[in-house]
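Asker: Just so it is clear, I am handing over work37.txt, which has compact mmCIF, N, CA and C atoms.
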```
# COMPACT_ATOMS: atom_id res chain seq x y z
N MET R 1 69.81 -12.79 -16.11
CA MET R 1 69.46 -11.82 -15.09
C MET R 1 68.88 -12.57 -13.91
N ARG R 2 69.29 -12.18 -12.71
CA ARG R 2 68.76 -12.79 -11.49
C ARG R 2 67.99 -11.74 -10.72
N ILE R 3 66.86 -12.16 -10.15
CA ILE R 3 66.03 -11.22 -9.40
C ILE R 3 66.75 -10.69 -8.17
N ASP R 4 67.71 -11.45 -7.63
CA ASP R 4 68.41 -10.95 -6.44
C ASP R 4 69.41 -9.86 -6.79
N ASP R 5 69.56 -9.55 -8.07
CA ASP R 5 70.39 -8.44 -8.50
C ASP R 5 69.55 -7.18 -8.73
N ALA R 6 68.33 -7.18 -8.22
CA ALA R 6 67.38 -6.11 -8.49
C ALA R 6 67.74 -4.83 -7.76
N VAL R 7 67.29 -3.73 -8.34
CA VAL R 7 67.39 -2.40 -7.74
C VAL R 7 65.99 -2.03 -7.28
N LEU R 8 65.87 -1.55 -6.06
CA LEU R 8 64.58 -1.16 -5.52
C LEU R 8 64.36 0.32 -5.77
N LEU R 9 63.29 0.63 -6.49
CA LEU R 9 62.88 2.00 -6.74
C LEU R 9 61.65 2.25 -5.87
N ASP R 10 61.88 2.76 -4.68
CA ASP R 10 60.82 3.00 -3.71
C ASP R 10 60.25 4.38 -3.95
N LEU R 11 58.98 4.44 -4.35
CA LEU R 11 58.35 5.71 -4.70
C LEU R 11 57.47 6.27 -3.58
N ARG R 12 57.61 5.73 -2.37
CA ARG R 12 56.85 6.32 -1.26
C ARG R 12 57.17 7.80 -1.17
N GLU R 13 56.15 8.60 -0.92
CA GLU R 13 56.23 10.05 -0.78
C GLU R 13 56.46 10.78 -2.10
N VAL R 14 56.46 10.06 -3.23
CA VAL R 14 56.56 10.69 -4.55
C VAL R 14 55.14 10.92 -5.05
N VAL R 15 54.82 12.18 -5.40
CA VAL R 15 53.48 12.49 -5.87
C VAL R 15 53.47 13.32 -7.15
N ASP R 16 54.67 13.57 -7.73
CA ASP R 16 54.71 14.34 -8.98
C ASP R 16 55.93 13.94 -9.79
N LYS R 17 55.97 14.43 -11.02
CA LYS R 17 57.05 14.08 -11.95
C LYS R 17 58.41 14.48 -11.41
N THR R 18 58.51 15.64 -10.81
CA THR R 18 59.80 16.10 -10.27
C THR R 18 60.31 15.11 -9.22
N GLY R 19 59.45 14.72 -8.30
CA GLY R 19 59.85 13.76 -7.29
C GLY R 19 60.21 12.41 -7.89
N PHE R 20 59.46 11.99 -8.90
CA PHE R 20 59.74 10.73 -9.58
C PHE R 20 61.11 10.77 -10.25
N MET R 21 61.38 11.83 -11.00
CA MET R 21 62.66 11.94 -11.69
C MET R 21 63.82 12.05 -10.70
N ASN R 22 63.62 12.80 -9.62
CA ASN R 22 64.67 12.91 -8.60
C ASN R 22 64.97 11.55 -7.98
N ARG R 23 63.92 10.78 -7.69
CA ARG R 23 64.12 9.46 -7.10
C ARG R 23 64.84 8.54 -8.10
N CYS R 24 64.44 8.59 -9.35
CA CYS R 24 65.12 7.78 -10.37
C CYS R 24 66.59 8.16 -10.47
N ALA R 25 66.88 9.45 -10.43
CA ALA R 25 68.27 9.91 -10.53
C ALA R 25 69.10 9.42 -9.35
N ARG R 26 68.50 9.37 -8.16
CA ARG R 26 69.24 8.93 -6.97
C ARG R 26 69.44 7.42 -6.93
N VAL R 27 68.46 6.67 -7.41
CA VAL R 27 68.44 5.23 -7.19
C VAL R 27 68.96 4.42 -8.37
N LEU R 28 68.58 4.79 -9.56
CA LEU R 28 68.93 3.99 -10.73
C LEU R 28 70.31 4.37 -11.26
N PRO R 29 71.01 3.41 -11.83
CA PRO R 29 72.33 3.69 -12.38
C PRO R 29 72.23 4.36 -13.76
N LEU R 30 71.69 5.56 -13.75
CA LEU R 30 71.52 6.32 -15.00
C LEU R 30 72.79 7.09 -15.30
N PRO R 31 73.01 7.41 -16.57
CA PRO R 31 74.23 8.15 -16.93
C PRO R 31 74.23 9.57 -16.37
N ALA R 32 75.40 10.16 -16.31
CA ALA R 32 75.56 11.52 -15.79
C ALA R 32 74.74 12.53 -16.58
N TRP R 33 74.48 12.25 -17.84
CA TRP R 33 73.74 13.20 -18.68
C TRP R 33 72.23 13.11 -18.47
N PHE R 34 71.74 12.27 -17.56
CA PHE R 34 70.31 12.12 -17.34
C PHE R 34 69.66 13.47 -17.08
N GLY R 35 68.74 13.87 -17.94
CA GLY R 35 68.13 15.19 -17.90
C GLY R 35 66.83 15.30 -17.14
N ARG R 36 66.44 14.26 -16.43
CA ARG R 36 65.22 14.27 -15.61
C ARG R 36 63.97 14.63 -16.41
N ASN R 37 63.86 13.99 -17.57
CA ASN R 37 62.65 14.09 -18.37
C ASN R 37 62.36 12.70 -18.94
N TRP R 38 61.18 12.51 -19.51
CA TRP R 38 60.77 11.19 -19.96
C TRP R 38 61.69 10.61 -21.01
N ASP R 39 62.09 11.42 -22.00
CA ASP R 39 62.98 10.92 -23.06
C ASP R 39 64.33 10.50 -22.51
N ALA R 40 64.88 11.29 -21.60
CA ALA R 40 66.17 10.95 -21.01
C ALA R 40 66.07 9.67 -20.17
N LEU R 41 64.95 9.50 -19.47
CA LEU R 41 64.76 8.28 -18.69
C LEU R 41 64.69 7.07 -19.61
N ALA R 42 63.92 7.19 -20.69
CA ALA R 42 63.81 6.09 -21.65
C ALA R 42 65.19 5.75 -22.23
N ASP R 43 65.94 6.76 -22.63
CA ASP R 43 67.27 6.53 -23.20
C ASP R 43 68.22 5.91 -22.19
N GLY R 44 68.20 6.43 -20.96
CA GLY R 44 69.09 5.92 -19.91
C GLY R 44 68.79 4.47 -19.57
N LEU R 45 67.52 4.12 -19.47
CA LEU R 45 67.15 2.74 -19.17
C LEU R 45 67.50 1.80 -20.31
N THR R 46 67.28 2.24 -21.53
CA THR R 46 67.57 1.42 -22.70
C THR R 46 69.06 1.22 -22.90
N ASP R 47 69.87 2.21 -22.54
CA ASP R 47 71.31 2.16 -22.78
C ASP R 47 72.11 1.43 -21.70
N MET R 48 71.45 0.85 -20.70
CA MET R 48 72.19 0.16 -19.66
C MET R 48 72.96 -1.00 -20.26
N ARG R 49 74.17 -1.19 -19.75
CA ARG R 49 75.07 -2.17 -20.35
C ARG R 49 75.07 -3.53 -19.68
N ARG R 50 74.32 -3.67 -18.60
CA ARG R 50 74.24 -4.97 -17.95
C ARG R 50 72.77 -5.27 -17.65
N PRO R 51 72.44 -6.55 -17.55
CA PRO R 51 71.05 -6.89 -17.22
C PRO R 51 70.65 -6.31 -15.87
N MET R 52 69.41 -5.92 -15.76
CA MET R 52 68.94 -5.35 -14.50
C MET R 52 67.45 -5.59 -14.33
N ALA R 53 67.08 -5.81 -13.08
CA ALA R 53 65.67 -5.84 -12.70
C ALA R 53 65.43 -4.66 -11.76
N ILE R 54 64.37 -3.94 -12.00
CA ILE R 54 63.98 -2.82 -11.15
C ILE R 54 62.65 -3.20 -10.51
N VAL R 55 62.61 -3.18 -9.19
CA VAL R 55 61.38 -3.46 -8.46
C VAL R 55 60.84 -2.12 -7.97
N VAL R 56 59.66 -1.75 -8.44
CA VAL R 56 59.05 -0.47 -8.09
C VAL R 56 58.05 -0.70 -6.97
N THR R 57 58.28 -0.06 -5.83
CA THR R 57 57.38 -0.17 -4.68
C THR R 57 56.84 1.21 -4.33
N GLY R 58 55.76 1.24 -3.57
CA GLY R 58 55.21 2.49 -3.08
C GLY R 58 54.72 3.42 -4.17
N TRP R 59 54.37 2.91 -5.32
CA TRP R 59 53.98 3.71 -6.47
C TRP R 59 52.51 4.15 -6.45
N GLN R 60 51.72 3.58 -5.58
CA GLN R 60 50.27 3.81 -5.61
C GLN R 60 49.89 5.27 -5.38
N ALA R 61 50.56 5.96 -4.44
CA ALA R 61 50.23 7.36 -4.18
C ALA R 61 50.54 8.24 -5.40
N TYR R 62 51.65 7.95 -6.06
CA TYR R 62 52.00 8.70 -7.28
C TYR R 62 50.95 8.43 -8.37
N ALA R 63 50.56 7.18 -8.53
CA ALA R 63 49.56 6.83 -9.54
C ALA R 63 48.23 7.53 -9.28
N GLU R 64 47.89 7.68 -8.00
CA GLU R 64 46.63 8.35 -7.65
C GLU R 64 46.73 9.86 -7.80
N ALA R 65 47.86 10.44 -7.39
CA ALA R 65 48.03 11.90 -7.43
C ALA R 65 48.24 12.42 -8.85
N ALA R 66 48.90 11.64 -9.69
CA ALA R 66 49.23 12.08 -11.05
C ALA R 66 49.05 10.91 -12.02
N PRO R 67 47.80 10.51 -12.28
CA PRO R 67 47.57 9.32 -13.10
C PRO R 67 48.12 9.43 -14.53
N ASP R 68 48.09 10.62 -15.11
CA ASP R 68 48.63 10.78 -16.47
C ASP R 68 50.15 10.60 -16.48
N GLU R 69 50.81 11.17 -15.47
CA GLU R 69 52.27 11.00 -15.37
C GLU R 69 52.62 9.54 -15.11
N TRP R 70 51.89 8.89 -14.23
CA TRP R 70 52.16 7.49 -13.93
C TRP R 70 51.97 6.63 -15.18
N ALA R 71 50.98 6.96 -16.00
CA ALA R 71 50.78 6.23 -17.26
C ALA R 71 51.98 6.39 -18.17
N VAL R 72 52.53 7.61 -18.23
CA VAL R 72 53.72 7.84 -19.05
C VAL R 72 54.90 7.05 -18.48
N ALA R 73 55.06 7.06 -17.17
CA ALA R 73 56.16 6.31 -16.54
C ALA R 73 56.06 4.83 -16.91
N GLN R 74 54.85 4.27 -16.85
CA GLN R 74 54.68 2.87 -17.21
C GLN R 74 55.03 2.63 -18.68
N ASP R 75 54.63 3.56 -19.54
CA ASP R 75 54.96 3.43 -20.97
C ASP R 75 56.48 3.48 -21.18
N VAL R 76 57.16 4.37 -20.45
CA VAL R 76 58.62 4.48 -20.57
C VAL R 76 59.27 3.18 -20.10
N PHE R 77 58.83 2.66 -18.96
CA PHE R 77 59.38 1.40 -18.46
C PHE R 77 59.15 0.28 -19.48
N SER R 78 57.95 0.20 -20.00
CA SER R 78 57.60 -0.86 -20.94
C SER R 78 58.44 -0.78 -22.22
N ALA R 79 58.57 0.41 -22.77
CA ALA R 79 59.36 0.59 -23.99
C ALA R 79 60.83 0.26 -23.74
N ALA R 80 61.35 0.66 -22.57
CA ALA R 80 62.76 0.37 -22.25
C ALA R 80 62.98 -1.13 -22.10
N VAL R 81 62.03 -1.83 -21.48
CA VAL R 81 62.14 -3.29 -21.35
C VAL R 81 62.21 -3.92 -22.74
N ASP R 82 61.35 -3.48 -23.65
CA ASP R 82 61.32 -4.04 -25.00
C ASP R 82 62.57 -3.71 -25.80
N ALA R 83 63.17 -2.55 -25.57
CA ALA R 83 64.30 -2.09 -26.38
C ALA R 83 65.67 -2.38 -25.79
N SER R 84 65.73 -2.79 -24.55
CA SER R 84 67.02 -2.97 -23.88
C SER R 84 67.79 -4.15 -24.45
N PRO R 85 68.98 -3.88 -25.00
CA PRO R 85 69.79 -4.99 -25.51
C PRO R 85 70.42 -5.82 -24.39
N ALA R 86 70.63 -5.24 -23.22
CA ALA R 86 71.28 -5.94 -22.11
C ALA R 86 70.30 -6.80 -21.33
N GLY R 87 69.04 -6.45 -21.36
CA GLY R 87 68.02 -7.17 -20.59
C GLY R 87 67.57 -6.33 -19.41
N LEU R 88 66.34 -5.91 -19.43
CA LEU R 88 65.77 -5.09 -18.37
C LEU R 88 64.40 -5.66 -18.01
N ALA R 89 64.13 -5.76 -16.73
CA ALA R 89 62.81 -6.14 -16.24
C ALA R 89 62.38 -5.08 -15.24
N VAL R 90 61.15 -4.65 -15.31
CA VAL R 90 60.59 -3.72 -14.34
C VAL R 90 59.38 -4.40 -13.73
N LEU R 91 59.44 -4.56 -12.41
CA LEU R 91 58.40 -5.27 -11.67
C LEU R 91 57.71 -4.31 -10.72
N LEU R 92 56.39 -4.28 -10.73
CA LEU R 92 55.63 -3.44 -9.82
C LEU R 92 55.19 -4.28 -8.62
N SER R 93 55.58 -3.84 -7.45
CA SER R 93 55.15 -4.51 -6.22
C SER R 93 53.73 -4.09 -5.91
N LEU R 94 52.86 -5.05 -5.68
CA LEU R 94 51.46 -4.75 -5.40
C LEU R 94 51.17 -4.66 -3.92
N GLY R 95 52.11 -5.05 -3.08
CA GLY R 95 51.91 -5.03 -1.64
C GLY R 95 52.02 -3.65 -1.06
N GLY R 96 51.56 -3.52 0.16
CA GLY R 96 51.61 -2.24 0.85
C GLY R 96 52.93 -1.95 1.51
N ARG R 97 53.71 -2.98 1.85
CA ARG R 97 55.00 -2.77 2.50
C ARG R 97 56.10 -2.92 1.46
N PRO R 98 57.11 -2.05 1.49
CA PRO R 98 58.18 -2.16 0.50
C PRO R 98 59.00 -3.42 0.73
N ALA R 99 59.46 -3.98 -0.36
CA ALA R 99 60.34 -5.14 -0.27
C ALA R 99 61.70 -4.71 0.22
N VAL R 100 62.37 -5.59 0.90
CA VAL R 100 63.75 -5.33 1.31
C VAL R 100 64.61 -6.31 0.56
N LEU R 101 65.44 -5.78 -0.31
CA LEU R 101 66.34 -6.61 -1.10
C LEU R 101 67.71 -6.54 -0.46
N GLU R 102 68.36 -7.67 -0.36
CA GLU R 102 69.69 -7.68 0.25
C GLU R 102 70.70 -8.20 -0.74
N ASP R 103 71.90 -7.63 -0.69
CA ASP R 103 72.97 -8.13 -1.53
C ASP R 103 73.70 -9.26 -0.80
N PRO R 104 74.58 -9.97 -1.49
CA PRO R 104 75.24 -11.10 -0.86
C PRO R 104 76.07 -10.74 0.37
N THR R 105 76.44 -9.49 0.54
CA THR R 105 77.23 -9.10 1.71
C THR R 105 76.34 -8.89 2.93
N GLY R 106 75.02 -8.94 2.72
CA GLY R 106 74.09 -8.80 3.84
C GLY R 106 73.66 -7.37 4.12
N THR R 107 74.09 -6.43 3.29
CA THR R 107 73.66 -5.04 3.48
C THR R 107 72.47 -4.78 2.58
N SER R 108 71.66 -3.82 2.95
CA SER R 108 70.47 -3.51 2.18
C SER R 108 70.85 -3.02 0.81
N ALA R 109 70.17 -3.54 -0.20
CA ALA R 109 70.41 -3.13 -1.58
C ALA R 109 69.20 -2.39 -2.12
N SER R 110 68.43 -1.78 -1.23
CA SER R 110 67.19 -1.15 -1.66
C SER R 110 67.43 0.03 -2.58
N GLY R 111 68.51 0.76 -2.40
CA GLY R 111 68.80 1.89 -3.25
C GLY R 111 67.90 3.07 -3.03
N SER R 112 67.07 3.04 -2.04
CA SER R 112 66.13 4.11 -1.79
C SER R 112 66.74 5.13 -0.84
N ASP R 113 66.23 6.35 -0.91
CA ASP R 113 66.65 7.36 0.04
C ASP R 113 65.76 7.34 1.28
N VAL R 114 64.82 6.40 1.32
CA VAL R 114 63.95 6.22 2.47
C VAL R 114 64.50 5.04 3.27
N PRO R 115 64.80 5.22 4.55
CA PRO R 115 65.37 4.12 5.31
C PRO R 115 64.42 2.94 5.42
N SER R 116 64.99 1.73 5.45
CA SER R 116 64.20 0.52 5.61
C SER R 116 63.71 0.43 7.06
N PRO R 117 62.53 -0.14 7.26
CA PRO R 117 62.05 -0.30 8.63
C PRO R 117 62.91 -1.32 9.35
N PRO R 118 63.00 -1.21 10.68
CA PRO R 118 63.79 -2.20 11.42
C PRO R 118 63.11 -3.55 11.37
N PRO R 119 63.90 -4.64 11.54
CA PRO R 119 63.28 -5.96 11.53
C PRO R 119 62.36 -6.12 12.74
N PRO R 120 61.35 -6.98 12.62
CA PRO R 120 60.42 -7.17 13.74
C PRO R 120 61.15 -7.78 14.95
N ALA R 121 60.68 -7.43 16.13
CA ALA R 121 61.27 -7.96 17.36
C ALA R 121 60.84 -9.41 17.52
N PRO R 122 61.70 -10.23 18.12
CA PRO R 122 61.32 -11.64 18.34
C PRO R 122 60.17 -11.70 19.34
N PRO R 123 59.35 -12.77 19.27
CA PRO R 123 58.24 -12.90 20.21
C PRO R 123 58.75 -13.01 21.63
N VAL R 124 58.01 -12.43 22.56
CA VAL R 124 58.38 -12.44 23.97
C VAL R 124 57.64 -13.59 24.66
N GLY R 125 58.36 -14.32 25.50
CA GLY R 125 57.75 -15.35 26.31
C GLY R 125 57.49 -16.66 25.61
N GLU R 126 58.08 -16.89 24.48
CA GLU R 126 57.88 -18.16 23.78
C GLU R 126 59.12 -18.99 23.83
```
Translate this structure into structure tokens?

Answerer:
Amino acid sequence: MRIDDAVLLDLREVVDKTGFMNRCARVLPLPAWFGRNWDALADGLTDMRRPMAIVVTGWQAYAEAAPDEWAVAQDVFSAAVDASPAGLAVLLSLGGRPAVLEDPTGTSASGSDVPSPPPPAPPVGE
């Protein structure tokens, strides 16, 4: 598994289980039968057929708004990592700005429904 093959799960603006499950359904390569509940998420993550790294960003607001749900999400991620036959890694970004992951073609591979910020402008007068 290579980290540059990661999927970005950006949880900015997610503050409840419904939003979390909807974001997972949009971003992660889960099966069509994904039922948007904890058991279905655990099964879908464990059943992936290729190695994958998931980088979770912007999770702090969800953790603060729904700490019990966030604890369950962490348990689901942890159990799926341990049980995945293909190889799964889930990484929590501790920074305040979301990571921008790019694929080899140079297009954003963030997988988020939130647009990436534009690149910074070059310095003026230097």

Asker: Please report the interatomic distance between atom CA of Val14 of chain R and atom CA of Met48 of chain R in Å with one decimal.

Answerer: 24.2 Å

Asker: Excluding segment 91-93 of chain R and residues on its chain fewer than 6 positions from it, collect all residues at most 6 Å away from it, counting all atoms listed in the file, and give them as a list in words.

Answerer: Ile54, Val55, Val56 and Thr57 of chain R

Asker: The selected residues should be written to file as a compact mmCIF listing (two decimals), in the frame of the given file (atoms: N, CA and C atoms).

Answerer:
```
# COMPACT_ATOMS: atom_id res chain seq x y z
N ILE R 54 64.37 -3.94 -12.00
CA ILE R 54 63.98 -2.82 -11.15
C ILE R 54 62.65 -3.20 -10.51
N VAL R 55 62.61 -3.18 -9.19
CA VAL R 55 61.38 -3.46 -8.46
C VAL R 55 60.84 -2.12 -7.97
N VAL R 56 59.66 -1.75 -8.44
CA VAL R 56 59.05 -0.47 -8.09
C VAL R 56 58.05 -0.70 -6.97
N THR R 57 58.28 -0.06 -5.83
CA THR R 57 57.38 -0.17 -4.68
C THR R 57 56.84 1.21 -4.33
```

Asker: Quote the spacing between atom N of Gly58 of chain R and atom C of Gly19 of chain R in Å to one decimal place.

Answerer: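 Spanning atom N of Gly58 of chain R to atom C of Gly19 of chain R is a straight-line distance of 12.8 Å.
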
Asker: Using atom CA of Pro31 of chain R and atom CA of Ser84 of chain R as the two end points, give the distance in Å to one decimal.

Answerer: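 Result for atom CA of Pro31 of chain R versus atom CA of Ser84 of chain R: 15.0 Å, one decimal.
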
Asker: Which residue out of R:Leu45, R:Met52, R:Ala65, R:Val7 has the minimum interatomic distance to Gly87 of chain R when all atoms listed in the file are used?

Answerer: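 Comparing R:Leu45, R:Met52, R:Ala65, R:Val7 against Gly87 of chain R, the winner is R:Met52.
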
Asker: Which residue gives the smallest distance to Ala89 of chain R among R:Lys17, R:Tyr62, R:Ala53, R:Val72, with only C-alpha atoms counted?

Answerer: R:Ala53

Asker: Pick the closest to Glu69 of chain R from R:Leu8, R:Ala32, R:Val15, R:Val27: which is it, counting only C-alpha atoms?

Answerer: R:Val15

Asker: Select, from R:Pro29, R:Arg12, R:Phe34, R:Gly95, the residue with the minimum atom-to-atom distance to Arg50 of chain R, counting only C-alpha atoms.

Answerer: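 The answer is R:Pro29, which sits nearest to Arg50 of chain R.
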
Asker: For Asn22 of chain R, which residue out of R:Pro67, R:Trp59, R:Arg36, R:Ala80 is the nearest one, using only N, CA and C atoms?

Answerer: R:Arg36

Asker: Using DSSP secondary structure from the backbone, list all strand (DSSP E or B) positions within segment 45-92 of chain R, as a ChimeraX atom specification.

Answerer: /R:52-57,88-92

Asker: Using only N, CA and C atoms, which of the listed residues (R:Ala61, R:Trp38, R:Asp47, R:Trp70) sits closest to Ala83 of chain R?

Answerer: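 Of R:Ala61, R:Trp38, R:Asp47, R:Trp70, the one nearest Ala83 of chain R is R:Asp47, counting only N, CA and C atoms.
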